Structure formats: structure tokens, C-alpha cells
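Undergrad: This is query-v7.csv, which holds CSV, C-alpha atoms:
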chain,number,residue,atom,x,y,z
H,1,MET,CA,105.5,30.6,58.5
H,2,ASP,CA,103.5,33.5,57.1
H,3,GLU,CA,99.9,34.1,57.9
H,4,ILE,CA,97.3,34.6,55.1
H,5,LYS,CA,96.5,38.3,55.2
H,6,GLN,CA,92.8,39.1,55.9
H,7,LEU,CA,91.7,41.4,53.0
H,8,VAL,CA,88.4,42.5,54.5
H,9,LYS,CA,87.5,43.1,58.1
H,10,THR,CA,84.1,42.0,59.5
H,11,ASN,CA,83.3,45.6,60.4
H,12,GLN,CA,83.6,46.7,56.7
H,13,LEU,CA,80.7,44.5,55.8
H,14,LYS,CA,77.3,46.1,55.4
H,15,THR,CA,73.8,45.1,56.3
H,16,SER,CA,71.8,47.7,54.3
H,17,PHE,CA,70.7,45.1,51.7
H,18,LEU,CA,69.5,42.6,54.4
H,19,SER,CA,67.7,45.3,56.4
H,20,SER,CA,65.8,46.5,53.4
H,21,LEU,CA,64.7,43.1,52.1
H,22,PRO,CA,60.9,43.2,51.4
H,23,ALA,CA,58.6,40.7,53.1
H,24,GLY,CA,58.4,37.4,51.2
H,25,SER,CA,62.0,37.6,49.8
H,26,LYS,CA,63.2,34.3,48.5
H,27,LEU,CA,65.8,32.3,50.4
H,28,PHE,CA,68.1,30.4,48.0
H,29,PHE,CA,69.2,27.2,49.7
H,30,HIS,CA,72.1,25.1,48.3
H,31,PHE,CA,73.7,22.0,49.8
H,32,ASP,CA,76.8,20.4,48.2
H,33,ASP,CA,77.3,16.9,49.6
H,34,LEU,CA,80.8,16.5,48.2
H,35,SER,CA,82.2,19.5,50.1
H,36,ASP,CA,79.5,19.2,52.8
H,37,THR,CA,78.7,22.9,52.5
H,38,LEU,CA,75.4,24.6,52.9
H,39,MET,CA,74.8,28.1,51.4
H,40,LEU,CA,71.8,30.3,52.4
H,41,MET,CA,71.4,33.5,50.4
H,42,PHE,CA,68.9,36.2,49.7
H,43,VAL,CA,70.2,36.6,46.2
H,44,PRO,CA,70.4,34.0,43.4
H,45,LEU,CA,73.4,31.7,43.2
H,46,GLU,CA,74.4,33.6,40.0
H,47,THR,CA,75.4,36.6,42.1
H,48,GLN,CA,79.1,36.7,42.8
H,49,THR,CA,79.9,36.5,46.5
H,50,ILE,CA,83.0,36.3,48.7
H,51,VAL,CA,83.3,34.1,51.7
H,52,HIS,CA,84.3,35.8,54.9
H,53,TYR,CA,85.1,33.3,57.7
H,54,LEU,CA,83.8,33.9,61.2
H,55,ASP,CA,84.9,30.6,62.6
H,56,ARG,CA,85.8,27.1,61.4
H,57,TYR,CA,82.2,26.4,60.3
H,58,VAL,CA,80.4,29.7,59.6
H,59,SER,CA,81.1,32.4,57.1
H,60,ILE,CA,79.3,35.4,55.8
H,61,LEU,CA,78.7,35.7,52.0
H,62,TYR,CA,79.0,39.3,50.7
H,63,THR,CA,79.0,41.0,47.3
H,64,PRO,CA,82.5,42.0,46.2
H,65,ASN,CA,81.9,45.6,45.1
H,66,LYS,CA,79.5,46.9,47.8
H,67,TYR,CA,80.5,44.6,50.6
H,68,GLU,CA,76.8,43.9,51.3
H,69,ILE,CA,76.0,40.8,53.3
H,70,VAL,CA,73.7,38.5,51.3
H,71,GLY,CA,73.9,35.2,53.0
H,72,LEU,CA,75.7,32.5,55.1
H,73,GLN,CA,77.9,29.5,54.2
H,74,ILE,CA,78.3,26.6,56.7
H,75,GLU,CA,81.1,24.1,56.1
H,76,ASP,CA,81.3,20.5,57.4
H,77,PHE,CA,77.6,21.1,57.7
H,78,ASP,CA,76.0,17.6,57.8
H,79,LYS,CA,78.9,15.7,59.3
H,80,GLU,CA,80.1,18.1,62.1
H,81,PHE,CA,77.9,21.2,62.4
H,82,VAL,CA,74.4,19.7,62.6
H,83,PRO,CA,75.3,17.0,65.2
H,84,MET,CA,76.4,19.8,67.6
H,85,TYR,CA,72.9,21.3,67.7
H,86,SER,CA,70.0,19.1,68.7
H,87,GLU,CA,67.3,21.5,67.6
H,88,LEU,CA,69.0,21.8,64.2
H,89,GLN,CA,69.3,18.1,63.9
H,90,LYS,CA,65.5,17.7,64.1
H,91,GLU,CA,65.0,20.0,61.2
H,92,TRP,CA,67.8,18.8,59.1
H,93,CYS,CA,67.0,15.6,57.4
H,94,LEU,CA,68.0,15.3,53.8
H,95,SER,CA,65.5,12.6,53.1
H,96,HIS,CA,62.7,15.1,53.9
H,97,PHE,CA,63.9,17.4,51.2
H,98,GLY,CA,63.3,14.7,48.5
H,99,ILE,CA,60.1,13.8,46.7
H,100,SER,CA,58.2,11.1,48.6
H,101,ASP,CA,54.7,12.4,48.0
H,102,SER,CA,52.5,12.9,44.9
H,103,ASN,CA,51.4,16.4,46.0
H,104,VAL,CA,54.2,18.5,44.6
H,105,TRP,CA,52.7,21.8,45.7
H,106,ASP,CA,52.6,20.6,49.4
H,107,LEU,CA,56.1,19.3,49.1
H,108,THR,CA,57.4,22.6,47.8
H,109,LEU,CA,55.8,24.4,50.7
H,110,GLN,CA,57.1,21.8,53.1
H,111,ALA,CA,60.6,22.0,51.7
H,112,LYS,CA,60.5,25.8,51.9
H,113,GLU,CA,59.3,25.8,55.5
H,114,LYS,CA,62.0,23.3,56.4
H,115,GLN,CA,64.7,25.3,54.7
H,116,LEU,CA,63.6,28.4,56.6
H,117,LYS,CA,63.6,26.5,59.9
H,118,VAL,CA,67.1,25.1,59.2
H,119,ALA,CA,68.3,28.6,58.3
H,120,MET,CA,66.8,30.1,61.5
H,121,GLY,CA,68.3,27.2,63.5
H,122,ILE,CA,71.8,28.0,62.1
H,123,VAL,CA,71.5,31.7,62.8
H,124,LYS,CA,70.2,31.1,66.4
H,125,ALA,CA,73.0,28.5,67.1
H,126,LYS,CA,75.7,30.9,65.9
H,127,GLU,CA,74.2,34.3,67.1
H,128,LYS,CA,77.3,35.2,69.0
H,129,VAL,CA,79.7,34.4,66.2
H,130,ILE,CA,77.6,36.2,63.5
H,131,GLY,CA,77.2,39.2,65.8
H,132,GLN,CA,75.0,42.2,64.9
H,133,PRO,CA,73.9,40.8,61.5
H,134,ALA,CA,72.3,37.8,63.2
H,135,GLU,CA,69.3,39.9,64.3
H,136,ILE,CA,68.9,41.2,60.8
H,137,PHE,CA,69.1,37.7,59.4
H,138,GLU,CA,66.5,36.5,61.8
H,139,LYS,CA,64.1,39.3,60.8
H,140,ALA,CA,64.7,38.6,57.1
H,141,LEU,CA,64.0,34.9,57.7
H,142,GLU,CA,60.8,35.6,59.6
H,143,TYR,CA,59.4,37.4,56.7
H,144,ALA,CA,60.8,35.2,53.9
J,1,MET,CA,76.2,22.1,31.4
J,2,GLY,CA,73.9,19.1,31.2
J,3,GLY,CA,76.1,17.0,28.8
J,4,TYR,CA,79.1,16.3,31.0
J,5,ASP,CA,80.7,12.9,31.5
J,6,PRO,CA,81.1,12.3,35.3
J,7,ARG,CA,84.0,9.9,34.7
J,8,LYS,CA,86.0,12.4,32.7
J,9,ASN,CA,88.5,14.8,34.1
J,10,ILE,CA,88.0,18.4,33.0
J,11,PHE,CA,91.7,19.1,33.9
J,12,GLU,CA,94.8,17.5,35.3
J,13,VAL,CA,97.6,19.7,36.5
J,14,THR,CA,100.7,19.5,38.7
J,15,ASP,CA,100.8,21.6,41.8
J,16,SER,CA,103.7,23.8,43.0
J,17,ARG,CA,105.0,20.9,45.1
J,18,GLY,CA,105.0,18.4,42.2
J,19,SER,CA,101.8,16.5,43.0
J,20,LYS,CA,99.2,15.6,40.4
J,21,VAL,CA,95.7,17.2,40.9
J,22,ILE,CA,92.6,16.4,38.9
J,23,CYS,CA,89.2,17.9,38.7
J,24,THR,CA,86.3,15.8,37.3
J,25,GLU,CA,83.7,17.2,35.0
J,26,GLU,CA,81.1,16.2,37.6
J,27,THR,CA,82.8,18.3,40.3
J,28,TRP,CA,83.3,21.2,38.0
J,29,TYR,CA,79.8,21.3,36.5
J,30,ALA,CA,77.5,19.9,39.2
J,31,LYS,CA,79.3,20.9,42.3
J,32,ILE,CA,81.4,24.0,41.7
J,33,LEU,CA,79.2,25.7,39.1
J,34,GLY,CA,76.1,24.2,40.7
J,35,ALA,CA,76.9,26.4,43.8
J,36,ARG,CA,78.5,29.3,41.9
J,37,PRO,CA,77.4,29.6,38.3
J,38,TYR,CA,79.3,32.9,38.0
J,39,MET,CA,82.5,30.9,38.0
J,40,SER,CA,81.8,29.4,34.6
J,41,ASP,CA,84.8,31.2,33.0
J,42,TRP,CA,87.1,30.7,36.0
J,43,ILE,CA,88.5,27.3,35.1
J,44,GLU,CA,91.9,28.7,34.1
J,45,ASP,CA,92.0,30.7,37.4
J,46,VAL,CA,91.3,27.5,39.3
J,47,LYS,CA,94.1,25.7,37.5
J,48,LYS,CA,96.5,28.6,38.1
J,49,ALA,CA,95.6,28.6,41.8
J,50,ILE,CA,96.8,24.9,42.0
J,51,ILE,CA,99.9,25.3,39.8
J,52,ASN,CA,101.1,28.6,41.1
J,53,PRO,CA,99.3,29.5,44.5
J,54,HIS,CA,100.4,32.1,47.0
J,55,TYR,CA,99.8,29.7,49.9
J,56,ILE,CA,99.1,26.0,50.4
J,57,CYS,CA,97.5,25.1,53.7
J,58,ARG,CA,96.7,21.8,55.4
J,59,ASP,CA,93.4,21.2,57.2
J,60,THR,CA,94.4,20.3,60.8
J,61,VAL,CA,91.4,18.0,61.2
J,62,LYS,CA,91.1,16.4,57.8
J,63,GLU,CA,94.8,15.8,57.2
J,64,ASN,CA,94.4,14.6,53.6
J,65,ARG,CA,92.9,18.0,52.6
J,66,TYR,CA,95.1,20.6,51.2
J,67,VAL,CA,93.9,24.1,50.4
J,68,TYR,CA,95.3,26.3,47.7
J,69,TYR,CA,95.0,30.1,47.9
J,70,LYS,CA,95.8,32.5,45.1
J,71,LEU,CA,95.2,36.3,45.1
J,72,GLN,CA,93.0,37.4,42.3
J,73,LYS,CA,90.9,40.3,41.2
J,74,HIS,CA,87.3,39.5,40.2
J,75,GLY,CA,85.3,42.5,41.2
J,76,SER,CA,87.6,43.2,44.2
J,77,ASP,CA,90.7,41.6,45.7
J,78,SER,CA,90.1,38.1,47.1
J,79,TYR,CA,91.8,34.8,47.2
J,80,LEU,CA,90.6,32.0,45.0
J,81,LYS,CA,90.5,29.0,47.3
J,82,VAL,CA,90.7,25.5,45.9
J,83,VAL,CA,90.1,22.5,48.3
J,84,VAL,CA,91.9,19.3,47.2
J,85,LYS,CA,91.6,15.9,48.8
J,86,PHE,CA,94.7,13.6,48.4
J,87,ASP,CA,94.7,9.9,48.4
J,88,TYR,CA,97.6,7.6,49.5
J,89,SER,CA,99.2,7.7,46.0
J,90,ASP,CA,99.6,11.4,46.4
J,91,LYS,CA,97.0,12.2,43.7
J,92,GLY,CA,94.7,15.1,44.5
J,93,ILE,CA,91.1,15.5,43.6
J,94,VAL,CA,89.4,19.0,43.6
J,95,ILE,CA,86.4,19.1,46.0
J,96,THR,CA,85.4,22.7,45.7
J,97,ALA,CA,86.6,26.2,44.8
J,98,TYR,CA,85.4,29.7,45.7
J,99,PRO,CA,86.5,33.2,46.4
J,100,THR,CA,87.3,34.2,50.0
J,101,ASP,CA,89.0,37.1,51.8
J,102,SER,CA,91.1,35.2,54.3
J,103,GLY,CA,92.4,31.8,55.4
J,104,LYS,CA,90.2,29.6,57.7
J,105,GLN,CA,90.6,28.8,61.3
J,106,GLY,CA,92.0,25.3,61.6
J,107,GLU,CA,94.3,25.5,58.5
J,108,THR,CA,98.1,25.5,58.8
J,109,ILE,CA,100.2,27.0,56.0
J,110,ILE,CA,102.7,24.4,54.7
J,111,TRP,CA,103.9,26.2,51.6
J,112,THR,CA,104.2,29.8,50.5
J,113,ARG,CA,105.3,31.2,47.2
J,114,SER,CA,107.5,33.8,48.9
J,115,SER,CA,109.6,31.1,50.6
J,116,ASN,CA,109.8,28.9,47.5
J,117,SER,CA,110.7,31.4,44.8
Would you give me this structure, written as C-alpha cells?
TA:
Amino acid sequence: MDEIKQLVKTNQLKTSFLSSLPAGSKLFFHFDDLSDTLMLMFVPLETQTIVHYLDRYVSILYTPNKYEIVGLQIEDFDKEFVPMYSELQKEWCLSHFGISDSNVWDLTLQAKEKQLKVAMGIVKAKEKVIGQPAEIFEKALEYA
Amino acid sequence: MGGYDPRKNIFEVTDSRGSKVICTEETWYAKILGARPYMSDWIEDVKKAIINPHYICRDTVKENRYVYYKLQKHGSDSYLKVVVKFDYSDKGIVITAYPTDSGKQGETIIWTRSSNS
């Protein structure tokens, strides 16, 4: 049987956008429970991206024209990926992302902090698979 | 986007192997466009990817999941990937769809257009 031809190689993807992100750049965090997929991006969801698989779980999201890396996508996230990493398991708790307090401002801050910790946990857990961009992701997340 | 009926199907098509595949309004609006709003005018592309894909793969772990790949040009060359979950009556439900540049580890090709045309 044929193989699906890979259209873009990992070394064609660029990190200039990630490297030049200003401090305080917003991380867009989207979890879809139906497909159990988490997306982390430094651009709004409206930006067209292409999924570039690194392994069964983790893929890079890049822009189609410039091949700039803008985020990560993790599949089978809640059911398979998170249980493999105890540190990540501590941070990832969907219930903590919901509203259970009257102080909305604190909750927003708490949610953002948690999202950043989850994102950092993913990058650290998959440093080897992500390769060189992992370090740049980590820096971008530290200043987000 | 807010006025969809979660019980209604936004489309029902027959795939290249003769199986029925549906996509609910909830999946299309809340899940697929919720994650990727730029796909709002891609519904015909998603239908075409199921009806006339280049490849159909089976997930080796989740055996009731089939994945349809169709080459497309939206900005640059990519595959439109549509993930479909089948039940025992051989009816498929779309779970997600997005552009990718390759197949995924853990998927086995079970059908290709070249060997069936």
C-alpha cells in the first residue's frame, strides 16, 4: 500500500516569528473534548495553520505561506497524553478552568496561569520530539 | 454561528467505499469552526474529502476511527484531513477536520484513490 507523501519537512519550518514575540504575547488556548485535542498558539484561532506531525500526539502548527511556527497541537490529550506525565496531570484539571468563584478577575488570572503551566509542561515533556523550537517555545511561554 | 440546532445534520454524504457519513451542526459550528474559524467556507471541501479522498486510513489504536485525506490548495499545498468515527451500523460521524501536511504515525492506509480508479 502507498504511503502518504509528506509535503513539508520539519527543517523547512521557521522560528523567526516565535523568536521575535514581544514580552506579554497572548497564548491562545483551545481544547476540543470531542476530538480530545488541545491547541496552543501565539496567534488567534482565526489564523490559518497547517498541522505538522512530530509523533502520534504532538504536532507543530505553522502558517501556510511563510512556514512560521506559531503553536502546538496535542491529540488524544486528556485521555492518553496527560496520564503519561505526572507533572502535567497536576496542572491539567478541566474543572479548574471553569467558573467556581465570584471573583472573575482572579479566575481569569488563575486560568491564564494554569494554561501557561500546562503549555510549559507539554513543551518540557516533549522537548526531544519538538527539537530546537522547544527552547524558543519555552522562552516565549516564560514571557507570555 | 450561535443559532445552530445540535440535533441537525449539516450534511450527509456517502464515502468512496459506500458508507454513509454525517456531520452534525454542533460538530461543524462548535467544534470544527470553534477551533478553526477560517474554515467557515470549507464545508464543500470537507464533503469532497469524504466523497472523493486521495487516501483513507484506519487508526491502529482506535479501530472505529477512519481518516480521510484529500490534497488541496488553501494558501499552500496540504491535505484536508477529516476524522470520522464509525458505529456498528457502518454509519460514520465526523469528529474533526483540519489541514495537515502528512499522515500521522499510527494510521494505516486502507484505501487509495490510485488503486480504486
Undergrad: Return the single residue from H:Ile122, H:Leu88, H:His52, H:Val70 that is closest to H:Ser16, with distances computed using only C-alpha atoms.
TA: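 Between H:Ile122, H:Leu88, H:His52, H:Val70, the residue approaching H:Ser16 most closely is H:Val70.
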Undergrad: Which residues of chain H have any atom within 7 Å of an atom in chain J when counting only C-alpha atoms, and what is the closest pair of atoms for each, with the distance in Å to one decimal? Order the rows by chain and rising number and write it as a Markdown table.
TA:
| residue | atom | partner | partner_atom | distance |
| --- | --- | --- | --- | --- |
| H:Met1 | CA | J:Ile109 | CA | 6.9 |
| H:Ile4 | CA | J:Gly103 | CA | 5.7 |
| H:Lys5 | CA | J:Ser102 | CA | 6.3 |
| H:Gln6 | CA | J:Ser102 | CA | 4.5 |
| H:Leu7 | CA | J:Asp101 | CA | 5.2 |
| H:Val8 | CA | J:Asp101 | CA | 6.1 |
| H:His30 | CA | J:Ala35 | CA | 6.7 |
| H:Asp32 | CA | J:Lys31 | CA | 6.4 |
| H:Leu34 | CA | J:Ile95 | CA | 6.6 |
| H:Ser35 | CA | J:Ile95 | CA | 5.9 |
| H:Leu45 | CA | J:Arg36 | CA | 5.8 |
| H:Glu46 | CA | J:Pro37 | CA | 5.3 |
| H:Thr47 | CA | J:Tyr38 | CA | 6.8 |
| H:Gln48 | CA | J:Tyr38 | CA | 6.1 |
| H:Ile50 | CA | J:Thr100 | CA | 5.0 |
| H:Val51 | CA | J:Thr100 | CA | 4.3 |
| H:His52 | CA | J:Asp101 | CA | 5.8 |
| H:Tyr53 | CA | J:Lys104 | CA | 6.3 |
| H:Asp55 | CA | J:Gln105 | CA | 6.1 |
| H:Arg56 | CA | J:Gln105 | CA | 5.1 |
| H:Pro64 | CA | J:Ser76 | CA | 5.6 |
| H:Asn65 | CA | J:Gly75 | CA | 6.0 |
Undergrad: Pick from J:Lys20, J:Ile50, J:Lys91, J:Glu44: nearest to J:Asn64, with only C-alpha atoms counted?
TA: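 Nearest candidate to J:Asn64 out of J:Lys20, J:Ile50, J:Lys91, J:Glu44: J:Lys91.
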Undergrad: Point out the residue among H:Lys112, H:Lys126, H:Lys66, H:Lys26 with the least atom-to-atom distance to H:Phe81, counting all atoms listed in the file.
TA: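 Among H:Lys112, H:Lys126, H:Lys66, H:Lys26, it is H:Lys126 that comes nearest to H:Phe81.
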Undergrad: Please identify all polymer residues within 8 Å of H:Tyr57, counting all atoms listed in the file, omitting same-chain residues fewer than 6 positions from it, and present them as a PyMOL selection string.
TA: chain H and resi 74-77+81
Undergrad: Store the residues picked out above, limited to C-alpha atoms, as a CSV table (one decimal), keeping the file's coordinate frame.
TA:
chain,number,residue,atom,x,y,z
H,74,ILE,CA,78.3,26.6,56.7
H,75,GLU,CA,81.1,24.1,56.1
H,76,ASP,CA,81.3,20.5,57.4
H,77,PHE,CA,77.6,21.1,57.7
H,81,PHE,CA,77.9,21.2,62.4
Undergrad: Atom CA of H:Pro83 to atom CA of H:Phe31: how many Å, to one decimal?
TA: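 That distance, rounded to one decimal, is 16.3 Å.
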Undergrad: Enter the distance from atom CA of J:Ile43 to atom CA of J:Val21, in Å, rounded to one decimal.
TA: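 About the pair atom CA of J:Ile43 and atom CA of J:Val21: they are 13.7 Å apart.
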Undergrad: Counting all atoms listed in the file, figure out which residue out of H:Leu38, H:Ile69, H:Ile130, H:Leu116 gets nearest to H:Ser25.
TA: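 Result for the nearest residue to H:Ser25: H:Leu116.
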Undergrad: Please measure the separation of atom CA of H:Lys117 and atom CA of H:Lys90, giving the value in Å to one decimal.
TA: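 Atom-to-atom, atom CA of H:Lys117 to atom CA of H:Lys90, that is 9.9 Å.
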Undergrad: Which residues, written as a PyMOL selection string, have at least one atom at most 12 Å from J:Ile51, with all atoms listed in the file counted and residues fewer than 2 positions away on the same chain left out?
TA: chain J and resi 11-22+44-49+53-56+68-70+82+113
Undergrad: Quick one: residues within 12 Å of H:Leu21, all atoms listed in the file counted, chain neighbours fewer than 4 positions away excluded, as JSON, numbers by chain?
TA: {"H": [15, 16, 17, 25, 26, 27, 41, 42, 43, 69, 70, 136, 137, 138, 139, 140, 141, 142, 143, 144]}
Undergrad: Restricting the calculation to only C-alpha atoms: of H:Ala134, H:Ile60, H:Leu13, H:Ala125, which residue gets closest to H:Ser86?
TA: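 Ranking H:Ala134, H:Ile60, H:Leu13, H:Ala125 by distance to H:Ser86, first place goes to H:Ala125.
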Undergrad: Take stretch 16-48 of chain H, bring it up to N, CA and C atoms, and give me the output as a CSV table (one decimal), in the coordinates of the input.
TA:
chain,number,residue,atom,x,y,z
H,16,SER,N,72.9,46.9,54.9
H,16,SER,CA,71.8,47.7,54.3
H,16,SER,C,70.9,46.8,53.4
H,17,PHE,N,71.5,45.9,52.6
H,17,PHE,CA,70.7,45.1,51.7
H,17,PHE,C,69.8,44.2,52.6
H,18,LEU,N,70.3,43.5,53.6
H,18,LEU,CA,69.5,42.6,54.4
H,18,LEU,C,68.4,43.3,55.1
H,19,SER,N,68.7,44.5,55.6
H,19,SER,CA,67.7,45.3,56.4
H,19,SER,C,66.6,45.8,55.5
H,20,SER,N,66.9,45.9,54.2
H,20,SER,CA,65.8,46.5,53.4
H,20,SER,C,65.1,45.4,52.5
H,21,LEU,N,65.3,44.2,52.9
H,21,LEU,CA,64.7,43.1,52.1
H,21,LEU,C,63.1,43.2,52.3
H,22,PRO,N,62.4,43.1,51.2
H,22,PRO,CA,60.9,43.2,51.4
H,22,PRO,C,60.4,41.8,51.9
H,23,ALA,N,59.2,41.9,52.6
H,23,ALA,CA,58.6,40.7,53.1
H,23,ALA,C,58.4,39.7,51.9
H,24,GLY,N,58.6,38.4,52.2
H,24,GLY,CA,58.4,37.4,51.2
H,24,GLY,C,59.6,37.2,50.3
H,25,SER,N,60.8,37.8,50.6
H,25,SER,CA,62.0,37.6,49.8
H,25,SER,C,62.4,36.2,49.8
H,26,LYS,N,62.9,35.7,48.6
H,26,LYS,CA,63.2,34.3,48.5
H,26,LYS,C,64.5,34.0,49.1
H,27,LEU,N,64.6,32.9,49.8
H,27,LEU,CA,65.8,32.3,50.4
H,27,LEU,C,66.3,31.3,49.4
H,28,PHE,N,67.5,31.4,48.9
H,28,PHE,CA,68.1,30.4,48.0
H,28,PHE,C,69.0,29.5,48.9
H,29,PHE,N,68.7,28.2,48.8
H,29,PHE,CA,69.2,27.2,49.7
H,29,PHE,C,70.0,26.2,48.8
H,30,HIS,N,71.3,26.0,49.1
H,30,HIS,CA,72.1,25.1,48.3
H,30,HIS,C,73.0,24.2,49.1
H,31,PHE,N,72.8,22.9,49.0
H,31,PHE,CA,73.7,22.0,49.8
H,31,PHE,C,74.5,21.2,48.8
H,32,ASP,N,75.8,21.2,49.0
H,32,ASP,CA,76.8,20.4,48.2
H,32,ASP,C,77.3,19.2,49.1
H,33,ASP,N,76.9,18.0,48.8
H,33,ASP,CA,77.3,16.9,49.6
H,33,ASP,C,78.8,16.5,49.5
H,34,LEU,N,79.4,16.8,48.4
H,34,LEU,CA,80.8,16.5,48.2
H,34,LEU,C,81.7,17.3,49.2
H,35,SER,N,81.5,18.6,49.2
H,35,SER,CA,82.2,19.5,50.1
H,35,SER,C,81.5,19.6,51.5
H,36,ASP,N,80.3,19.1,51.6
H,36,ASP,CA,79.5,19.2,52.8
H,36,ASP,C,79.3,20.6,53.2
H,37,THR,N,78.9,21.4,52.3
H,37,THR,CA,78.7,22.9,52.5
H,37,THR,C,77.3,23.3,52.2
H,38,LEU,N,76.8,24.1,53.1
H,38,LEU,CA,75.4,24.6,52.9
H,38,LEU,C,75.5,26.1,52.6
H,39,MET,N,74.8,26.6,51.6
H,39,MET,CA,74.8,28.1,51.4
H,39,MET,C,73.3,28.5,51.5
H,40,LEU,N,73.2,29.6,52.2
H,40,LEU,CA,71.8,30.3,52.4
H,40,LEU,C,72.0,31.7,51.9
H,41,MET,N,71.2,32.1,50.9
H,41,MET,CA,71.4,33.5,50.4
H,41,MET,C,70.1,34.1,50.0
H,42,PHE,N,70.1,35.4,50.1
H,42,PHE,CA,68.9,36.2,49.7
H,42,PHE,C,69.1,36.7,48.3
H,43,VAL,N,70.0,36.2,47.6
H,43,VAL,CA,70.2,36.6,46.2
H,43,VAL,C,70.4,35.3,45.4
H,44,PRO,N,70.2,35.2,44.1
H,44,PRO,CA,70.4,34.0,43.4
H,44,PRO,C,71.8,33.6,43.4
H,45,LEU,N,72.0,32.3,43.2
H,45,LEU,CA,73.4,31.7,43.2
H,45,LEU,C,74.3,32.3,42.1
H,46,GLU,N,73.7,32.9,41.1
H,46,GLU,CA,74.4,33.6,40.0
H,46,GLU,C,75.2,34.8,40.5
H,47,THR,N,74.7,35.3,41.6
H,47,THR,CA,75.4,36.6,42.1
H,47,THR,C,76.7,36.2,42.7
H,48,GLN,N,77.8,36.9,42.3
H,48,GLN,CA,79.1,36.7,42.8
H,48,GLN,C,79.2,37.1,44.3
